[in-house]
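For reference, structure16.txt is printed below; it contains compact mmCIF, C-alpha atoms.
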```txt
# COMPACT_ATOMS: atom_id res chain seq x y z
CA MET A 1 94.49 85.46 104.62
CA ASP A 2 92.39 86.80 107.48
CA ARG A 3 89.45 88.74 106.02
CA PRO A 4 87.15 89.82 108.87
CA ALA A 5 83.48 90.44 108.26
CA LEU A 6 82.15 93.97 108.37
CA ASP A 7 81.10 95.08 111.84
CA ILE A 8 77.60 96.36 111.09
CA ASP A 9 76.94 97.44 114.68
CA ARG A 10 80.11 99.56 114.80
CA LEU A 11 79.37 100.96 111.33
CA ARG A 12 75.87 102.06 112.31
CA SER A 13 76.88 103.47 115.70
CA THR A 14 79.87 105.39 114.33
CA LEU A 15 77.80 106.98 111.58
CA ALA A 16 74.94 107.74 113.98
CA ALA A 17 77.36 109.62 116.25
CA SER A 18 78.77 111.70 113.38
CA PRO A 19 77.45 115.11 112.30
CA ARG A 20 75.85 113.44 109.27
CA GLY A 21 74.51 110.47 111.16
CA SER A 22 70.87 111.19 110.41
CA PHE A 23 71.39 111.17 106.65
CA PHE A 24 70.98 107.43 106.12
CA THR A 25 67.66 105.79 106.97
CA GLY A 26 68.94 102.22 106.78
CA ILE A 27 72.25 100.34 106.47
CA ASP A 28 72.24 96.59 105.87
CA VAL A 29 74.97 94.02 105.28
CA VAL A 30 74.25 90.68 103.61
CA THR A 31 76.54 87.68 103.24
CA SER A 32 75.94 87.36 99.52
CA THR A 33 73.70 88.68 96.76
CA GLY A 34 73.58 88.84 93.01
CA SER A 35 73.95 92.63 92.78
CA THR A 36 73.50 95.26 95.46
CA ASN A 37 72.50 97.73 92.75
CA ALA A 38 69.78 95.43 91.41
CA ASP A 39 68.46 94.83 94.94
CA LEU A 40 68.09 98.55 95.66
CA VAL A 41 66.69 99.35 92.20
CA ALA A 42 63.90 96.88 92.99
CA ARG A 43 63.23 98.59 96.33
CA ALA A 44 62.98 102.01 94.67
CA ALA A 45 59.49 101.10 93.44
CA ASP A 46 58.32 102.11 96.93
CA PRO A 47 58.30 105.95 96.86
CA SER A 48 58.99 106.12 100.59
CA THR A 49 62.41 104.47 100.24
CA ASP A 50 65.31 106.89 100.40
CA ARG A 51 68.90 107.04 101.61
CA LEU A 52 69.33 103.29 101.99
CA VAL A 53 72.67 101.48 102.00
CA LEU A 54 73.18 97.84 101.08
CA ILE A 55 76.57 96.13 101.40
CA ALA A 56 77.38 92.56 100.32
CA GLU A 57 80.32 90.57 101.60
CA ALA A 58 80.23 88.78 98.23
CA GLN A 59 78.49 89.52 94.94
CA GLU A 60 77.65 86.82 92.42
CA ARG A 61 76.67 89.09 89.53
CA GLY A 62 78.46 92.39 90.10
CA ARG A 63 78.06 94.80 87.20
CA GLY A 64 80.03 97.71 85.84
CA ARG A 65 79.59 100.10 82.94
CA HIS A 66 78.41 98.55 79.66
CA GLU A 67 77.24 95.47 81.64
CA ARG A 68 80.80 94.33 82.34
CA SER A 69 80.73 91.71 85.08
CA TRP A 70 83.13 91.12 87.93
CA VAL A 71 83.51 88.78 90.92
CA SER A 72 85.61 88.84 94.05
CA PRO A 73 86.50 86.53 96.94
CA PRO A 74 84.23 87.09 99.96
CA ARG A 75 85.23 90.02 102.22
CA ALA A 76 88.11 91.06 99.92
CA GLN A 77 86.27 94.10 98.57
CA ILE A 78 83.75 96.73 99.45
CA ALA A 79 80.64 96.04 97.36
CA MET A 80 78.10 98.68 98.31
CA SER A 81 75.13 100.54 96.86
CA VAL A 82 73.30 103.65 98.03
CA LEU A 83 69.75 104.63 97.04
CA VAL A 84 68.96 108.34 97.17
CA ARG A 85 66.16 110.56 95.90
CA ALA A 86 67.30 113.87 94.43
CA ARG A 87 64.21 115.92 95.18
CA GLY A 88 63.49 118.68 92.68
CA ILE A 89 66.71 118.19 90.74
CA ASP A 90 67.06 119.20 87.10
CA PRO A 91 67.39 115.86 85.23
CA GLU A 92 70.16 117.40 83.14
CA VAL A 93 72.55 117.40 86.11
CA LEU A 94 71.81 113.88 87.38
CA GLY A 95 75.01 112.75 85.71
CA TRP A 96 76.93 114.53 88.44
CA LEU A 97 75.83 112.08 91.14
CA PRO A 98 78.28 109.31 90.19
CA LEU A 99 80.99 111.96 89.85
CA LEU A 100 80.15 113.18 93.37
CA THR A 101 80.47 109.60 94.56
CA GLY A 102 83.89 109.36 92.94
CA VAL A 103 85.04 112.44 94.83
CA ALA A 104 83.74 110.93 98.09
CA VAL A 105 85.54 107.61 97.51
CA VAL A 106 88.84 109.29 96.58
CA ASP A 107 88.75 111.51 99.66
CA ALA A 108 87.84 108.61 101.95
CA VAL A 109 90.62 106.39 100.57
CA ARG A 110 93.20 109.16 100.90
CA ALA A 111 92.17 110.03 104.45
CA SER A 112 91.85 106.42 105.65
CA THR A 113 94.93 104.88 104.01
CA GLY A 114 97.27 107.66 102.90
CA VAL A 115 97.26 106.16 99.40
CA LYS A 116 97.25 108.80 96.65
CA ALA A 117 94.10 107.81 94.78
CA ILE A 118 92.94 109.86 91.80
CA LEU A 119 89.93 109.96 89.50
CA LYS A 120 89.77 108.92 85.87
CA TRP A 121 86.74 110.32 84.09
CA PRO A 122 83.96 109.57 84.65
CA ASN A 123 84.33 107.81 87.99
CA ASP A 124 87.06 105.17 88.12
CA ILE A 125 89.49 105.47 91.03
CA LEU A 126 93.10 104.78 90.11
CA ILE A 127 96.42 104.37 91.85
CA GLU A 128 99.46 104.78 89.59
CA GLY A 129 97.31 104.02 86.56
CA ARG A 130 95.77 100.83 87.97
CA LYS A 131 92.07 100.60 88.80
CA LEU A 132 91.22 100.40 92.49
CA SER A 133 87.50 101.14 92.36
CA GLY A 134 84.61 101.61 89.97
CA ILE A 135 81.22 103.26 90.31
CA LEU A 136 77.93 102.51 88.56
CA ALA A 137 74.85 104.76 88.85
CA GLU A 138 71.40 103.64 87.70
CA LEU A 139 68.21 105.65 87.48
CA ALA A 140 65.70 103.62 89.49
CA ALA A 141 62.62 105.89 89.40
CA VAL A 142 61.82 108.97 87.34
CA GLY A 143 59.73 112.05 88.15
CA THR A 144 60.23 115.27 90.08
CA ASP A 145 61.99 113.31 92.85
CA PRO A 146 64.02 110.73 90.90
CA ALA A 147 65.59 107.79 92.70
CA ILE A 148 69.16 106.87 91.82
CA VAL A 149 71.15 103.86 92.95
CA VAL A 150 74.91 104.34 93.05
CA GLY A 151 77.11 101.27 93.40
CA VAL A 152 80.74 101.24 94.55
CA GLY A 153 83.15 98.34 94.13
CA LEU A 154 86.53 98.82 95.81
CA ASN A 155 89.38 96.29 95.98
CA VAL A 156 90.72 96.01 99.51
CA THR A 157 92.73 92.81 100.09
CA LEU A 158 92.81 91.16 96.68
CA THR A 159 96.16 89.56 95.87
CA GLU A 160 97.77 89.80 92.43
CA ALA A 161 96.39 86.36 91.55
CA GLU A 162 92.86 87.38 92.55
CA LEU A 163 92.66 90.56 90.47
CA PRO A 164 89.91 90.45 87.82
CA VAL A 165 92.11 92.10 85.17
CA PRO A 166 95.85 92.84 84.96
CA HIS A 167 95.37 96.63 85.15
CA ALA A 168 93.49 96.42 88.46
CA THR A 169 94.98 96.82 91.92
CA SER A 170 93.99 96.71 95.60
CA LEU A 171 94.80 98.62 98.74
CA LEU A 172 96.81 95.62 99.94
CA LEU A 173 98.94 95.63 96.79
CA GLU A 174 99.49 99.38 97.09
CA GLY A 175 101.00 98.99 100.54
CA ALA A 176 98.11 100.45 102.51
CA GLY A 177 98.74 98.04 105.37
CA ASP A 178 96.11 96.52 107.62
CA ILE A 179 92.90 98.07 106.29
CA ASP A 180 89.78 97.94 108.41
CA ARG A 181 86.92 97.68 105.92
CA THR A 182 84.39 98.86 108.49
CA ASP A 183 86.33 102.09 109.00
CA LEU A 184 86.71 102.54 105.24
CA VAL A 185 82.99 102.06 104.57
CA THR A 186 82.23 104.53 107.36
CA ALA A 187 84.56 107.09 105.77
CA ILE A 188 83.06 106.62 102.29
CA LEU A 189 79.48 106.98 103.53
CA SER A 190 80.38 110.02 105.64
CA GLU A 191 82.05 111.74 102.69
CA PHE A 192 79.12 110.86 100.41
CA ALA A 193 76.57 112.25 102.87
CA GLN A 194 78.55 115.47 103.33
CA ARG A 195 78.86 116.02 99.57
CA PHE A 196 75.22 115.15 98.85
CA ILE A 197 73.87 117.41 101.59
CA ALA A 198 76.00 120.32 100.41
CA TRP A 199 74.86 119.81 96.80
CA GLU A 200 71.21 119.62 97.81
CA HIS A 201 71.51 122.74 99.99
CA ALA A 202 73.05 124.55 97.00
CA GLY A 203 69.88 123.87 95.03
CA TRP A 204 71.74 121.30 92.92
CA ASP A 205 74.13 123.96 91.66
CA ILE A 206 77.29 122.18 90.49
CA THR A 207 79.85 124.98 90.94
CA ASP A 208 81.53 123.68 94.10
CA LEU A 209 81.10 120.03 93.17
CA ALA A 210 82.60 120.58 89.73
CA ALA A 211 85.61 122.36 91.23
CA ALA A 212 86.22 119.46 93.64
CA TYR A 213 85.88 116.93 90.84
CA ARG A 214 88.25 118.73 88.49
CA ASP A 215 90.84 119.03 91.26
CA ARG A 216 90.92 115.24 91.66
CA CYS A 217 90.53 114.15 88.03
CA SER A 218 93.75 113.21 86.23
CA THR A 219 91.99 112.92 82.86
CA ILE A 220 91.59 116.69 82.53
CA GLY A 221 94.59 118.17 80.77
CA SER A 222 95.68 114.81 79.35
CA ARG A 223 95.75 113.76 75.73
CA VAL A 224 93.08 111.07 75.36
CA LYS A 225 91.69 108.61 72.87
CA ALA A 226 87.96 107.83 73.22
CA GLU A 227 86.50 104.81 71.45
CA LEU A 228 82.85 105.48 70.60
CA PRO A 229 80.05 103.18 69.40
CA GLY A 230 80.18 102.34 65.72
CA GLY A 231 83.96 102.33 65.66
CA GLU A 232 84.50 106.09 65.81
CA VAL A 233 87.68 107.18 67.57
CA LEU A 234 88.01 110.67 69.01
CA THR A 235 91.43 112.00 70.03
CA GLY A 236 92.53 115.24 71.61
CA ILE A 237 93.16 117.06 74.87
CA ALA A 238 90.57 116.55 77.62
CA THR A 239 89.93 120.19 78.43
CA GLY A 240 87.31 119.81 81.14
CA VAL A 241 83.89 118.54 82.17
CA ASP A 242 80.73 120.34 81.08
CA GLU A 243 77.66 121.28 83.13
CA ASN A 244 76.15 117.81 82.59
CA GLY A 245 79.25 115.88 83.63
CA ARG A 246 80.32 115.06 80.08
CA LEU A 247 83.99 115.05 79.14
CA LEU A 248 85.16 117.80 76.81
CA ILE A 249 87.65 116.58 74.23
CA GLY A 250 88.66 119.68 72.34
CA ASP A 251 85.33 121.39 71.70
CA ARG A 252 83.24 118.19 71.70
CA SER A 253 81.32 116.72 74.65
CA VAL A 254 81.07 112.95 75.16
CA SER A 255 78.94 111.23 77.79
CA ALA A 256 79.98 108.21 79.84
CA GLY A 257 77.35 106.08 78.13
CA ASP A 258 78.80 106.90 74.72
CA VAL A 259 82.41 105.98 75.49
CA THR A 260 83.28 102.29 75.35
CA HIS A 261 86.96 102.85 76.22
CA LEU A 262 89.02 105.88 77.24
CA ARG A 263 92.80 105.90 77.24
CA ALA A 264 94.92 108.80 78.46
CA GLU A 265 98.36 109.80 77.17
CA TYR A 266 98.26 107.17 74.42
```
Give the structure from this file in structure tokens form.
Amino acid sequence: MDRPALDIDRLRSTLAASPRGSFFTGIDVVTSTGSTNADLVARAADPSTDRLVLIAEAQERGRGRHERSWVSPPRAQIAMSVLVRARGIDPEVLGWLPLLTGVAVVDAVRASTGVKAILKWPNDILIEGRKLSGILAELAAVGTDPAIVVGVGLNVTLTEAELPVPHATSLLLEGAGDIDRTDLVTAILSEFAQRFIAWEHAGWDITDLAAAYRDRCSTIGSRVKAELPGGEVLTGIATGVDENGRLLIGDRSVSAGDVTHLRAEY
């Protein structure tokens, strides 16, 4: 299968020419790395670093929630991390950044491919119940201007035999056709920048962001079963997402870090 490398020059020039072109201070592509998230977390020790993007054509130690690992053939995925500083944000709403990223990825996938992607709380991207993409956010530096690294892994041309788990999928398998990964990365970064700028300009108020998230999240309104640490199982209707990005099951809030598995319509 022909899997072209990302065109970094076209990516940079296209973003630079867009209305949000000045948002990112650096965009780099590497052939391989252990984890793009880990690389940018290390760079966050320098307080001057902000709005950096790192993309790997292959990851050797990709990580998801609860330290779940995953691997992929080179150039078959988008494996990308973004480092941003949320200046003056209330730490209580930091949990909305990965949700914002989920909205950006869903919108970019829909616009670029026509595939009807949806969100599963907190920030998995699904197509017909199968996982297309996952997002992992890590707090890299604390303080009044915290640094957060948000990683995105998105399956582009994986075949059925290459999927990491049976319930995963790829754009290729969903009939998206000949997908240009450079165009898709450009769309994701453009959507992310637009959403982040709007949120920052709103003084980190979540009203508009929360409305956009709820509109794209299939979990809300579904009957769910949440498996919690210690063996506790919580069941009920997912009624919404609270001001801190936690899922409301009945009248109880659960955070992403507290849920080891979430199943809808069990």
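Using only C-alpha atoms, the shortest contact distance between Asp215 (chain A) and any of A:Asp107, A:Asp258, A:Asp145, A:Glu243 is found at A:Asp107.
Closest approach to Thr36 (chain A) from the set A:Ile127, A:Glu57, A:Val103, A:Val224 is made by A:Glu57, with distances taken over all atoms listed in the file.
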**Message:** For His261 (chain A), find every residue with an atom within 12 Å (counting all atoms listed in the file), except residues of its own chain fewer than 4 positions away, and show them as number ranges by chain.
**Reply:** A: 65-66, 120-122, 224-229, 231-235, 254-257
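Here CA of Thr49 (chain A) stands at a distance of 8.0 Å from CA of Leu83 (chain A).
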Leaving out region 169-176 of chain A and any residue of its chain fewer than 4 positions from it, which residues lie within 10 Å of it when counting all atoms listed in the file, given as a VMD selection string? chain A and resid 76 to 77 109 112 to 116 126 to 133 154 to 160 162 to 165
If you count only C-alpha atoms, the residue of A:Val93, A:Ala161, A:Ala264, A:Val29 closest to Asp242 (chain A) turns out to be A:Val93
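Atom pair CA of Ala141 (chain A) / CA of Ala86 (chain A) has a distance of 10.5 Å (rounded to one decimal).
Here the question is which of A:Ser13, A:Ser72, A:Ser32, A:Thr101 gets nearest to Leu209 (chain A) using only C-alpha atoms, and that residue is A:Thr101.
The closest residue to Leu100 (chain A), picked from A:Asp28, A:Asp208, A:Asp183, A:Glu60 and counting all atoms listed in the file, is A:Asp208.
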Cut-off 9 Å around (85.8, 123.6, 77.1) with all atoms listed in the file: residues as a ChimeraX atom specification: /A:238-242,247-253
Residues at most 6 Å from Arg216 (chain A), counting only C-alpha atoms, excluding those fewer than 3 positions away in the same chain, as a ChimeraX atom specification? /A:118-119,213
In Å and to one decimal, CA of Trp204 (chain A) is distant from CA of Ala79 (chain A) by 27.1 Å
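Comparing A:Arg75, A:Arg246, A:Arg87, A:Arg223 by their smallest distance to Pro4 (chain A), the closest is A:Arg75 (using all atoms listed in the file).
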Phe24 (chain A) surroundings by only C-alpha atoms, 8 Å radius, close-in-sequence under 3 positions cut, as a PDB file with C-alpha atoms, keeping the file's coordinate frame:
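Contents of part15.pdb, freshly written:
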```
ATOM      1  CA  GLY A  21      74.510 110.470 111.160  1.00  0.00           C
ATOM      2  CA  ILE A  27      72.250 100.340 106.470  1.00  0.00           C
ATOM      3  CA  ARG A  51      68.900 107.040 101.610  1.00  0.00           C
ATOM      4  CA  LEU A  52      69.330 103.290 101.990  1.00  0.00           C
ATOM      5  CA  VAL A  53      72.670 101.480 102.000  1.00  0.00           C
TER       6      VAL A  53
END
```
Please write out, as JSON, where the centre of an axis-aligned box around all listed atoms of region 240-258 of chain A lies and how long its edges are, in Å to one decimal, after adding 6 Å on each side.
```
{"center_x": 82.4, "center_y": 113.7, "center_z": 77.7, "size_x": 24.5, "size_y": 27.3, "size_z": 23.9}
```
Take region 7-32 of chain A from the preceding structure and save N, CA and C atoms as a PDB file, in the first residue's frame.
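Here's the written file decode_28.pdb:
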```
ATOM      1  N   ASP A   7       3.817  16.016   3.974  1.00  0.00           N
ATOM      2  CA  ASP A   7       4.511  17.110   3.282  1.00  0.00           C
ATOM      3  C   ASP A   7       4.592  18.290   4.249  1.00  0.00           C
ATOM      4  N   ILE A   8       5.704  18.368   4.986  1.00  0.00           N
ATOM      5  CA  ILE A   8       5.827  19.383   6.037  1.00  0.00           C
ATOM      6  C   ILE A   8       5.846  20.782   5.452  1.00  0.00           C
ATOM      7  N   ASP A   9       6.456  20.963   4.290  1.00  0.00           N
ATOM      8  CA  ASP A   9       6.497  22.296   3.684  1.00  0.00           C
ATOM      9  C   ASP A   9       5.093  22.773   3.311  1.00  0.00           C
ATOM     10  N   ARG A  10       4.303  21.882   2.717  1.00  0.00           N
ATOM     11  CA  ARG A  10       2.929  22.251   2.352  1.00  0.00           C
ATOM     12  C   ARG A  10       2.087  22.488   3.600  1.00  0.00           C
ATOM     13  N   LEU A  11       2.290  21.663   4.630  1.00  0.00           N
ATOM     14  CA  LEU A  11       1.557  21.842   5.881  1.00  0.00           C
ATOM     15  C   LEU A  11       1.832  23.212   6.477  1.00  0.00           C
ATOM     16  N   ARG A  12       3.091  23.565   6.576  1.00  0.00           N
ATOM     17  CA  ARG A  12       3.453  24.859   7.174  1.00  0.00           C
ATOM     18  C   ARG A  12       2.937  26.027   6.339  1.00  0.00           C
ATOM     19  N   SER A  13       3.111  25.939   5.020  1.00  0.00           N
ATOM     20  CA  SER A  13       2.701  27.066   4.170  1.00  0.00           C
ATOM     21  C   SER A  13       1.193  27.235   4.140  1.00  0.00           C
ATOM     22  N   THR A  14       0.457  26.130   4.124  1.00  0.00           N
ATOM     23  CA  THR A  14      -1.005  26.222   4.105  1.00  0.00           C
ATOM     24  C   THR A  14      -1.525  26.834   5.389  1.00  0.00           C
ATOM     25  N   LEU A  15      -0.983  26.392   6.522  1.00  0.00           N
ATOM     26  CA  LEU A  15      -1.407  26.967   7.798  1.00  0.00           C
ATOM     27  C   LEU A  15      -1.012  28.433   7.909  1.00  0.00           C
ATOM     28  N   ALA A  16       0.187  28.762   7.437  1.00  0.00           N
ATOM     29  CA  ALA A  16       0.664  30.153   7.520  1.00  0.00           C
ATOM     30  C   ALA A  16      -0.224  31.093   6.714  1.00  0.00           C
ATOM     31  N   ALA A  17      -0.809  30.580   5.635  1.00  0.00           N
ATOM     32  CA  ALA A  17      -1.658  31.414   4.780  1.00  0.00           C
ATOM     33  C   ALA A  17      -3.088  31.508   5.282  1.00  0.00           C
ATOM     34  N   SER A  18      -3.433  30.719   6.309  1.00  0.00           N
ATOM     35  CA  SER A  18      -4.798  30.707   6.819  1.00  0.00           C
ATOM     36  C   SER A  18      -5.000  31.822   7.828  1.00  0.00           C
ATOM     37  N   PRO A  19      -6.253  32.148   8.150  1.00  0.00           N
ATOM     38  CA  PRO A  19      -6.515  33.208   9.138  1.00  0.00           C
ATOM     39  C   PRO A  19      -5.918  32.931  10.512  1.00  0.00           C
ATOM     40  N   ARG A  20      -5.652  31.652  10.812  1.00  0.00           N
ATOM     41  CA  ARG A  20      -5.091  31.297  12.121  1.00  0.00           C
ATOM     42  C   ARG A  20      -3.640  30.869  11.995  1.00  0.00           C
ATOM     43  N   GLY A  21      -2.998  31.291  10.923  1.00  0.00           N
ATOM     44  CA  GLY A  21      -1.651  30.843  10.642  1.00  0.00           C
ATOM     45  C   GLY A  21      -0.613  31.243  11.666  1.00  0.00           C
ATOM     46  N   SER A  22      -0.850  32.335  12.388  1.00  0.00           N
ATOM     47  CA  SER A  22       0.144  32.793  13.353  1.00  0.00           C
ATOM     48  C   SER A  22       0.005  32.115  14.709  1.00  0.00           C
ATOM     49  N   PHE A  23      -0.966  31.223  14.852  1.00  0.00           N
ATOM     50  CA  PHE A  23      -1.198  30.603  16.153  1.00  0.00           C
ATOM     51  C   PHE A  23      -0.033  29.718  16.573  1.00  0.00           C
ATOM     52  N   PHE A  24       0.439  28.864  15.662  1.00  0.00           N
ATOM     53  CA  PHE A  24       1.484  27.916  16.005  1.00  0.00           C
ATOM     54  C   PHE A  24       2.869  28.528  15.811  1.00  0.00           C
ATOM     55  N   THR A  25       3.732  28.311  16.796  1.00  0.00           N
ATOM     56  CA  THR A  25       5.094  28.862  16.722  1.00  0.00           C
ATOM     57  C   THR A  25       6.084  27.885  16.113  1.00  0.00           C
ATOM     58  N   GLY A  26       5.721  26.624  16.030  1.00  0.00           N
ATOM     59  CA  GLY A  26       6.602  25.627  15.435  1.00  0.00           C
ATOM     60  C   GLY A  26       5.858  24.352  15.121  1.00  0.00           C
ATOM     61  N   ILE A  27       6.134  23.765  13.940  1.00  0.00           N
ATOM     62  CA  ILE A  27       5.540  22.494  13.526  1.00  0.00           C
ATOM     63  C   ILE A  27       6.658  21.621  12.986  1.00  0.00           C
ATOM     64  N   ASP A  28       6.867  20.468  13.623  1.00  0.00           N
ATOM     65  CA  ASP A  28       7.940  19.565  13.219  1.00  0.00           C
ATOM     66  C   ASP A  28       7.384  18.170  12.961  1.00  0.00           C
ATOM     67  N   VAL A  29       7.994  17.486  11.997  1.00  0.00           N
ATOM     68  CA  VAL A  29       7.669  16.098  11.698  1.00  0.00           C
ATOM     69  C   VAL A  29       8.936  15.277  11.834  1.00  0.00           C
ATOM     70  N   VAL A  30       8.851  14.170  12.581  1.00  0.00           N
ATOM     71  CA  VAL A  30       9.988  13.263  12.730  1.00  0.00           C
ATOM     72  C   VAL A  30       9.605  11.899  12.171  1.00  0.00           C
ATOM     73  N   THR A  31      10.617  11.160  11.744  1.00  0.00           N
ATOM     74  CA  THR A  31      10.371   9.835  11.171  1.00  0.00           C
ATOM     75  C   THR A  31       9.830   8.877  12.220  1.00  0.00           C
ATOM     76  N   SER A  32      10.421   8.932  13.413  1.00  0.00           N
ATOM     77  CA  SER A  32      10.006   8.021  14.472  1.00  0.00           C
ATOM     78  C   SER A  32      10.374   8.608  15.825  1.00  0.00           C
TER      79      SER A  32
END
```
